[in-house]
Every structure is written in structure tokens, then in C-alpha cells.
$ cat input_34.txt   # compact mmCIF, C-alpha atoms
# COMPACT_ATOMS: atom_id res chain seq x y z
CA GLY A 1 15.61 -38.29 -47.69
CA ASP A 2 12.73 -37.77 -45.35
CA ALA A 3 13.54 -38.60 -41.68
CA GLN A 4 10.41 -40.75 -41.53
CA ALA A 5 11.78 -42.94 -44.31
CA LEU A 6 14.98 -43.84 -42.43
CA VAL A 7 15.65 -46.41 -39.72
CA SER A 8 16.37 -44.65 -36.43
CA PRO A 9 18.98 -46.41 -34.28
CA PRO A 10 18.15 -46.80 -30.58
CA PRO A 11 19.40 -43.96 -28.34
CA ALA A 12 21.99 -46.19 -26.64
CA LEU A 13 23.65 -47.04 -29.97
CA GLN A 14 26.16 -44.56 -31.35
CA LEU A 15 27.03 -45.02 -35.01
CA THR A 16 30.09 -43.55 -36.68
CA GLY A 17 30.61 -43.71 -40.41
CA VAL A 18 27.46 -45.79 -41.00
CA PRO A 19 25.23 -44.40 -43.74
CA PRO A 20 21.50 -43.99 -43.03
CA VAL A 21 19.40 -47.10 -43.74
CA PRO A 22 16.18 -46.47 -45.68
CA ARG A 23 13.04 -47.88 -44.01
CA SER A 24 12.14 -49.56 -47.32
CA VAL A 25 15.35 -51.65 -47.15
CA ALA A 26 14.70 -52.63 -43.52
CA ASP A 27 11.12 -53.62 -44.39
CA ALA A 28 12.28 -55.69 -47.38
CA VAL A 29 14.78 -57.73 -45.33
CA ALA A 30 12.66 -58.05 -42.17
CA LYS A 31 11.09 -61.33 -43.32
CA TYR A 32 14.57 -62.89 -43.48
CA THR A 33 15.73 -61.69 -40.07
CA GLU A 34 12.90 -63.15 -37.99
CA SER A 35 12.83 -66.92 -37.62
CA ALA A 36 10.64 -68.92 -35.32
CA GLY A 37 11.19 -72.58 -36.12
CA HIS A 38 9.92 -75.59 -34.27
CA GLY A 39 12.22 -78.13 -32.63
CA LEU A 40 11.17 -81.69 -31.80
CA VAL A 41 12.56 -82.54 -28.36
CA GLY A 42 10.60 -85.57 -27.18
CA TRP A 43 8.01 -88.25 -27.88
CA HIS A 44 5.39 -89.25 -25.33
CA PRO A 45 6.03 -92.89 -24.31
CA GLN A 46 2.37 -93.98 -24.55
CA GLN A 47 0.48 -91.41 -26.62
CA ARG A 48 0.78 -89.88 -30.07
CA ALA A 49 2.08 -86.65 -28.54
CA LEU A 50 5.25 -84.61 -28.90
CA LEU A 51 7.22 -82.03 -26.96
CA ILE A 52 8.26 -79.09 -29.15
CA THR A 53 10.34 -75.99 -28.54
CA HIS A 54 9.16 -72.90 -30.38
CA ARG A 55 9.57 -69.14 -30.17
CA PRO A 56 6.07 -67.67 -30.49
CA ALA A 57 5.49 -64.53 -32.52
CA GLY A 58 6.58 -61.48 -30.55
CA ALA A 59 8.52 -63.56 -27.99
CA ASN A 60 12.28 -63.50 -27.48
CA THR A 61 12.87 -67.05 -26.24
CA ASN A 62 12.02 -70.65 -27.10
CA GLN A 63 9.26 -72.09 -24.95
CA LEU A 64 7.91 -75.61 -24.51
CA PHE A 65 4.75 -76.84 -26.21
CA ALA A 66 2.89 -80.15 -26.37
CA LEU A 67 1.37 -81.37 -29.62
CA GLN A 68 -1.41 -83.81 -28.78
CA GLY A 69 -1.61 -85.71 -32.07
CA PRO A 70 -1.20 -85.26 -35.83
CA GLN A 71 -2.38 -81.87 -37.11
CA GLY A 72 -3.36 -80.92 -33.56
CA ALA A 73 -3.00 -77.54 -31.94
CA MET A 74 0.11 -76.81 -29.91
CA GLN A 75 -0.51 -76.35 -26.18
CA ALA A 76 1.88 -73.97 -24.39
CA LEU A 77 3.50 -75.57 -21.34
CA THR A 78 5.87 -72.74 -20.40
CA ASP A 79 5.67 -68.97 -20.66
CA SER A 80 8.85 -67.43 -19.31
CA THR A 81 11.58 -64.97 -20.16
CA GLU A 82 13.99 -67.93 -19.88
CA PRO A 83 14.48 -70.12 -22.96
CA ILE A 84 13.84 -73.85 -22.70
CA ALA A 85 16.98 -75.67 -23.87
CA ASN A 86 15.60 -79.22 -23.87
CA ALA A 87 12.87 -81.41 -22.41
CA TRP A 88 12.07 -85.08 -21.89
CA TYR A 89 8.93 -86.97 -20.95
CA GLU A 90 9.33 -89.35 -18.03
CA PRO A 91 9.82 -92.51 -20.14
CA ARG A 92 7.42 -94.94 -18.47
CA GLN A 93 4.04 -93.18 -18.58
CA GLY A 94 4.89 -89.60 -19.52
CA ARG A 95 3.16 -88.19 -16.45
CA SER A 96 5.87 -85.60 -15.86
CA ILE A 97 8.44 -83.73 -17.92
CA VAL A 98 12.06 -82.92 -17.10
CA LEU A 99 13.16 -79.66 -18.72
CA ALA A 100 16.47 -77.82 -18.94
CA ARG A 101 16.70 -74.05 -18.74
CA GLY A 102 19.17 -71.39 -17.68
CA ASN A 103 18.70 -68.23 -15.68
CA GLY A 104 19.16 -64.75 -17.09
CA GLY A 105 20.63 -66.12 -20.32
CA ASP A 106 23.56 -67.76 -18.48
CA GLU A 107 23.24 -71.17 -20.23
CA ALA A 108 24.16 -72.77 -16.90
CA PHE A 109 21.34 -75.23 -17.44
CA GLN A 110 19.38 -76.54 -14.47
CA LEU A 111 16.96 -79.45 -14.59
CA TYR A 112 13.37 -79.07 -13.43
CA ARG A 113 10.50 -81.53 -13.12
CA MET A 114 7.26 -80.15 -14.49
CA ASP A 115 3.86 -81.68 -13.87
CA PRO A 116 1.85 -80.85 -17.02
CA PRO A 117 -1.60 -80.37 -15.44
CA SER A 118 -0.40 -77.69 -13.00
CA ARG A 119 2.71 -76.64 -14.98
CA GLN A 120 4.47 -76.28 -11.63
CA GLN A 121 8.24 -76.62 -11.91
CA THR A 122 10.47 -78.17 -9.22
CA LEU A 123 14.23 -77.60 -9.29
CA LEU A 124 16.11 -80.93 -9.36
CA THR A 125 19.75 -79.83 -9.57
CA SER A 126 22.34 -77.71 -7.80
CA PRO A 127 22.53 -74.12 -9.14
CA ASP A 128 26.32 -73.97 -8.67
CA GLN A 129 26.81 -76.43 -11.54
CA ARG A 130 25.76 -76.79 -15.18
CA HIS A 131 23.78 -79.97 -15.87
CA HIS A 132 22.93 -82.10 -18.89
CA LEU A 133 20.51 -85.02 -18.93
CA ASN A 134 22.25 -87.63 -21.10
CA LEU A 135 19.74 -90.49 -21.16
CA TRP A 136 17.24 -92.46 -19.10
CA LEU A 137 18.03 -95.85 -17.64
CA ARG A 138 15.91 -98.66 -19.02
CA ASN A 139 14.13 -98.91 -15.67
CA GLY A 140 12.53 -95.57 -16.62
CA ARG A 141 12.89 -94.15 -13.12
CA GLN A 142 16.35 -92.62 -13.23
CA ALA A 143 18.21 -90.35 -15.64
CA VAL A 144 21.96 -90.22 -16.17
CA VAL A 145 23.19 -86.63 -15.74
CA THR A 146 26.58 -85.00 -16.23
CA SER A 147 27.42 -81.93 -14.15
CA LEU A 148 30.25 -79.41 -14.30
CA PRO A 149 31.09 -76.74 -11.72
CA LEU A 150 30.46 -73.19 -12.87
CA ASP A 151 33.57 -71.65 -11.29
CA ARG A 152 36.58 -73.05 -13.16
CA THR A 153 39.15 -70.54 -11.94
CA ALA A 154 41.43 -71.23 -8.98
CA GLN A 155 43.13 -68.57 -6.85
CA GLY A 156 45.77 -66.54 -8.65
CA GLY A 157 43.86 -66.60 -11.95
CA LYS A 158 44.99 -70.12 -12.85
CA ARG A 159 42.47 -72.51 -14.26
CA SER A 160 41.56 -75.24 -11.81
CA GLU A 161 41.29 -78.87 -12.71
CA ILE A 162 37.80 -79.64 -14.04
CA THR A 163 35.93 -82.72 -12.90
CA THR A 164 32.74 -83.95 -14.53
CA ARG A 165 30.33 -85.69 -12.20
CA LEU A 166 28.32 -88.55 -13.74
CA TRP A 167 25.31 -89.32 -11.56
CA LEU A 168 21.81 -90.76 -11.35
CA LEU A 169 18.83 -88.46 -10.91
CA ASP A 170 15.37 -89.62 -9.83
CA PRO A 171 13.05 -86.72 -10.75
CA THR A 172 10.57 -87.77 -8.06
CA ARG A 173 13.24 -87.16 -5.37
CA PRO A 174 14.65 -83.62 -5.72
CA GLY A 175 17.92 -83.04 -3.89
CA GLU A 176 18.91 -86.68 -3.98
CA GLY A 177 21.17 -88.52 -6.41
CA ARG A 178 23.81 -91.22 -6.63
CA THR A 179 27.26 -90.46 -8.03
CA LEU A 180 28.48 -93.00 -10.57
CA ALA A 181 31.88 -91.48 -11.34
CA ASP A 182 33.95 -88.31 -11.06
CA LEU A 183 35.73 -88.01 -14.41
CA PRO A 184 38.80 -85.86 -15.11
CA GLY A 185 38.22 -82.92 -17.46
CA GLY A 186 35.17 -81.89 -19.44
CA GLY A 187 33.45 -83.26 -22.51
CA TRP A 188 32.14 -86.46 -20.92
CA SER A 189 28.66 -87.79 -21.71
CA ALA A 190 26.76 -91.06 -21.53
CA SER A 191 25.41 -92.23 -24.88
CA ALA A 192 24.13 -95.78 -24.33
CA VAL A 193 23.09 -98.07 -21.47
CA ALA A 194 23.19 -101.86 -21.22
CA ALA A 195 19.92 -103.80 -21.32
CA ASN A 196 20.12 -104.54 -17.57
CA ASP A 197 21.25 -100.98 -16.62
CA SER A 198 24.57 -102.38 -15.38
CA GLN A 199 26.91 -100.49 -17.71
CA LEU A 200 27.12 -97.19 -19.57
CA ALA A 201 29.01 -96.23 -22.71
$ encode --input "input_34.txt" --output "C-alpha cells"
Amino acid sequence: GDAQALVSPPPALQLTGVPPVPRSVADAVAKYTESAGHGLVGWHPQQRALLITHRPAGANTNQLFALQGPQGAMQALTDSTEPIANAWYEPRQGRSIVLARGNGGDEAFQLYRMDPPSRQQTLLTSPDQRHHLNLWLRNGRQAVVTSLPLDRTAQGGKRSEITTRLWLLDPTRPGEGRTLADLPGGGWSASAVAANDSQLA
């Protein structure tokens, strides 16, 4: 066939034994290869508003949007090459947002506080660990976070013992935190909190 009617692989890709792909086939399947769904990640505590992750047309990563009411328009809160993994409104008044994102596609998620009016982001966690916000205490001021060190290999190529740190994060005080427990191994998370914030499951 005509060279114009075939898909041309990128120069860095060398194909051996792969037959040419007609452009008509690529065009026919293109609508099935591009997906840009919407993910609900959080409810505003006082308004009829949502936080949504979405990959806009032409973008490569999920970004964070606010939906300010039923059938409303989505307002972009982030515009970065880094995907937003998750986000939470501060649970008392929703004045700030805590979001999780990696760096360079590393999935070593860090937590940031974002103030929606300015969209300024403040790093809340240590970059030498991977962090996950599990839940908010009922007091609404502190979040329970689990953190794992990124380097799990000891000298000599042997895997070191992994410890998960369970700690309290106050997003208004970056760099501070109170350790609740150092737990042996990985896979730990907090899933529920007592009514008086005295115990975690």
C-alpha cells in the first residue's frame, strides 16, 4: 500500500517481524485506546461541591478539579506534568485541600496542602518516604498518615526490615507530626477512628 496509508512507528522503536499497520485500522481503534474518565475523590464538608480527578483532552496525567454544584462546570485546580493520585478537603470547613502526588512518575507519593484561591502547594511530608493519608481524626484538624521508607535494601543486597510509621499530620504545620506507632513490615493502614479520637482500627 501507499506509505501515507500506513502507521509509521517512532524513530526510536525498531520493529522486527511486525507487519505494517494500515492507518485505517489505527483510526478505527483510536476511540477505544483513549480514555479520560472522571474519579470522585472528595466531598466538600459544607458545600455541594466535589473534588474530581480527570485527564483533560490532550493531557497525559490526571489533574484535580472542583465541581461547584450539580451540572456545574469543572474548575481546574492543578495543571502539572505530575498526576494527582488523591485529594481530600480539610474536613471542618473545606478551606484547604490535601493532595497526594509523586515526582517524575515515581509513585512515591508526597502530601501537599493546597489553598484553593491561590492554588499554592506546600509540601507536608518527607521526600525520602512514601506517604498515604488514611483518614482524618474526628477533631478535623489532624490526619492519620502511614509512611514507608523508599530505600528498602540494606548493604550487601539484602532486603532490610521494613517499618511502617503511623503518625498524625496537621496540614497547617508543615514539618511537624506526632508518631503514633512504628509497625513491623508493610501493608498497615488505619481504617476507622473511635468517636473520641482515642483509638484507631
$ residues_around --input "input_34.txt" --residues "A:Arg92" --least-positions-apart "5" --cutoff "10 Å" --atoms "only C-alpha atoms" --output "ChimeraX atom specification"
/A:44-46,138-141
$ residues_near_point --input "input_34.txt" --point "(17.5, -76.7, -22.2)" --cutoff "6 Å" --atoms "only C-alpha atoms" --output "list of chain:residue names"
A:Ile84, A:Ala85, A:Asn86, A:Ala100, A:Arg101
$ closest_residue --input "input_34.txt" --among "A:Thr61, A:Gln120, A:Asn103, A:Asn134" --to "A:Leu77" --atoms "all atoms listed in the file"
A:Gln120
$ axis_aligned_box --input "input_34.txt" --around "stretch 133-144 of chain A" --padding-each-side "4 Å" --output "lines of an AutoDock Vina configuration file"
center_x = 17.4
center_y = -92.0
center_z = -17.1
size_x = 17.7
size_y = 21.9
size_z = 16.0
$ residues_around --input "input_34.txt" --residues "stretch 179-193 of chain A" --least-positions-apart "2" --cutoff "12 Å" --atoms "only C-alpha atoms" --output "PyMOL selection string"
chain A and resi 130-140+142-150+152+159-169+176-177+195-201
$ atom_distance --input "input_34.txt" --atom1 "atom CA of A:Ala73" --atom2 "atom CA of A:Asn60"
21.2 Å
$ closest_residue --input "input_34.txt" --among "A:Val21, A:Leu123, A:Val41, A:Ala49" --to "A:Met74" --atoms "all atoms listed in the file"
A:Ala49
$ closest_residue --input "input_34.txt" --among "A:Pro91, A:Gln75, A:Pro83, A:Thr16" --to "A:Phe109" --atoms "only C-alpha atoms"
A:Pro83
$ closest_residue --input "input_34.txt" --among "A:Glu90, A:Asp128, A:Leu67, A:Ala76" --to "A:Asp170" --atoms "only C-alpha atoms"
A:Glu90
